[in-house]
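Participant: This is the structure I want to talk about, given as structure tokens.
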Amino acid sequence: MNARPFTGALIALLGSAGMPAFAAEADALAARTASYYAGGLDTPLQKIRTGAALIETCKKRFRSKCSKWHRQAADRAHFTLEYLDALTLFAPQPAATVRPAATLASYTDVVAQLDAINGEIRDAARVYDHALFTRYEATLTACPPENLAQYRESLEGLQQLDVRAFGAFSSGGDDESSRAAAALAATSAEECAAVRDFGELLMTMMSAKLEPWRRGPDAVPGPDATRSIANEFLFEVATELEVTVHPDERARFDEIAQRVHDSEPAAPKKSGFHLSW
């Protein structure tokens, strides 16, 4: 598999300084591009919010009974919630729809609920991966680059790696393809370039996410590491979508991530932003 076409060239979506009308048009283009790739990402993010609320009980009611790992995760959960609140493109669900931590009677219940929500996050993340692949494939069809065959080969390789890492997803593929095609039906040349290039950025990020599964069976991450990798990818994509529309917000996300990094009790992983418990 060769993922080299996905070189991560972030598109210049904003207009030139001193040209307000062009800048406004570019802002609208950025919002449309983000909207195309953002659909469905709110579902796994909301489930991560539920997980963070659940693990926080190990900072409060059940702290004396929780494992050391869960207590450490509980101490960092407020960073996850703060980060989610900063993602204005993905508004939180009403409190009534979030699984209430107050109903948990024991630490055993906490563990059972966390196991359940971890499974839901994994499933929702897999659905979103499938949507990203489908949307980018539709983009390549509607807005083909010069070396289309190479791009499609790379995309297919990433899809195969994703199935190896996170399992297959087969339901709803035709519906997603139809929605993606409809969204691109009247795309201008400028919008074509923007959507295709931002998709290239996302596929570059996807390639980095799947790198461990290229190294052979002996290097495949365990379940906890796999979940952490999947969760981190969701936050990275959400952040790129957010700052595409609101570029001045990147410093805020960097500041939250730095505080997470500084709070780590042990040497941080690649990003220092842990999202599993």
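For the structure tokens, the naming scheme is as follows: chains receive sequential letters (A, B, ...) according to their order of presentation, residues are indexed from 1 within each chain, and ligands are indexed from 1 in presentation order.
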Leaving out Cys143 in chain A and any residue of its chain fewer than 2 positions from it, which residues lie within 12 Å of it when counting only C-alpha atoms, given as a list in words?
Facilitator: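 Those residues are Arg135, Tyr136, Glu137, Ala138, Thr139, Leu140, Thr141, Pro145, Glu146, Asn147, Leu148, Tyr151, Ala181, Leu184, Ala185, Ala186, Thr187, Ser188, Ala189, Glu190, Glu191, Cys192, Ala193, Ala194, Val195, Arg196, Asp197 and Gly199 of chain A.
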Participant: Between A:His70, A:Lys209, A:Arg227, A:Arg215, which is the closest to Ile121 in chain A once you count only C-alpha atoms?
Facilitator: A:Arg227
Participant: Give me the residues within 8 Å of Ala74 in chain A as a list in words, counting only C-alpha atoms and dropping any in the same chain fewer than 4 places off.
Facilitator: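 Listed by chain and then number, they are Ala52, Ile55, Glu56, Thr57, Cys58, Lys59, His70 and His78 of chain A.
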Participant: Would you please give, as a PyMOL selection string, all residues of range 161-232 of chain A that DSSP assigns to helix (DSSP H, G or I) based on the backbone?
Facilitator: chain A and resi 161-166+173-183+189-209+211-214+217-219+223-232
Participant: Of the candidates A:Phe166, A:Phe198, A:Phe253, A:Tyr36, which one gets nearest to Gly119 in chain A if we count only C-alpha atoms?
Facilitator: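 Between A:Phe166, A:Phe198, A:Phe253, A:Tyr36, the residue approaching Gly119 in chain A most closely is A:Phe166.
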Participant: When you draw a straight line from CA of Ala165 in chain A to CA of Leu84 in chain A, how long is it in Å?
Facilitator: 25.4 Å
Participant: Excluding Val237 in chain A and residues on its chain fewer than 4 positions from it, collect all residues at most 12 Å away from it, counting only C-alpha atoms, and give them as a PyMOL selection string.
Facilitator: chain A and resi 34+37-42+44-45+87+89-90+125+128-129+132+198-199+201-206+209+230-233+241-244
Participant: What does the file look like for those residues with C-alpha atoms, as a PDB file, in the first residue's frame?
Facilitator:
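And here's again.pdb as it stands now:
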ATOM      1  CA  ALA A  34     -15.944  21.709   6.933  1.00  0.00           C
ATOM      2  CA  TYR A  37     -16.615  16.318   6.224  1.00  0.00           C
ATOM      3  CA  ALA A  38     -18.109  17.018   9.666  1.00  0.00           C
ATOM      4  CA  GLY A  39     -21.374  15.122   9.329  1.00  0.00           C
ATOM      5  CA  GLY A  40     -21.588  12.271  11.831  1.00  0.00           C
ATOM      6  CA  LEU A  41     -18.548  13.270  13.872  1.00  0.00           C
ATOM      7  CA  ASP A  42     -20.806  14.627  16.603  1.00  0.00           C
ATOM      8  CA  PRO A  44     -18.612   9.635  18.670  1.00  0.00           C
ATOM      9  CA  LEU A  45     -17.727  12.982  20.292  1.00  0.00           C
ATOM     10  CA  LEU A  87     -15.672  22.654  19.630  1.00  0.00           C
ATOM     11  CA  LEU A  89     -19.228  23.023  15.420  1.00  0.00           C
ATOM     12  CA  PHE A  90     -20.281  20.081  17.584  1.00  0.00           C
ATOM     13  CA  ALA A 125     -15.688   5.949  15.283  1.00  0.00           C
ATOM     14  CA  TYR A 128     -17.295   7.949  10.910  1.00  0.00           C
ATOM     15  CA  ASP A 129     -14.136   6.489   9.340  1.00  0.00           C
ATOM     16  CA  LEU A 132     -14.795   9.962   5.615  1.00  0.00           C
ATOM     17  CA  PHE A 198      -9.020  19.208   2.698  1.00  0.00           C
ATOM     18  CA  GLY A 199      -9.895  15.565   2.128  1.00  0.00           C
ATOM     19  CA  LEU A 201      -5.335  16.508   4.708  1.00  0.00           C
ATOM     20  CA  LEU A 202      -7.781  14.171   6.461  1.00  0.00           C
ATOM     21  CA  MET A 203      -6.393  11.154   4.613  1.00  0.00           C
ATOM     22  CA  THR A 204      -2.885  12.190   5.677  1.00  0.00           C
ATOM     23  CA  MET A 205      -4.117  12.218   9.267  1.00  0.00           C
ATOM     24  CA  MET A 206      -5.803   8.857   8.699  1.00  0.00           C
ATOM     25  CA  LYS A 209      -3.448   7.017  12.645  1.00  0.00           C
ATOM     26  CA  ALA A 230      -9.165   6.091  17.540  1.00  0.00           C
ATOM     27  CA  ASN A 231     -10.273   8.691  20.093  1.00  0.00           C
ATOM     28  CA  GLU A 232      -7.272  10.914  19.465  1.00  0.00           C
ATOM     29  CA  PHE A 233      -7.976  10.868  15.734  1.00  0.00           C
ATOM     30  CA  LEU A 241     -12.634  21.229  11.061  1.00  0.00           C
ATOM     31  CA  GLU A 242     -13.148  23.789  13.822  1.00  0.00           C
ATOM     32  CA  VAL A 243     -10.092  25.893  12.978  1.00  0.00           C
ATOM     33  CA  THR A 244     -10.917  25.747   9.274  1.00  0.00           C
TER      34      THR A 244
END
Participant: For Glu255 in chain A, list every protein, DNA or RNA residue within 12 Å, evaluated using only C-alpha atoms, and leave out those in the same chain fewer than 6 positions away; present the list as number ranges by chain.
Facilitator: A: 79, 82-83, 86, 249, 261-262, 273
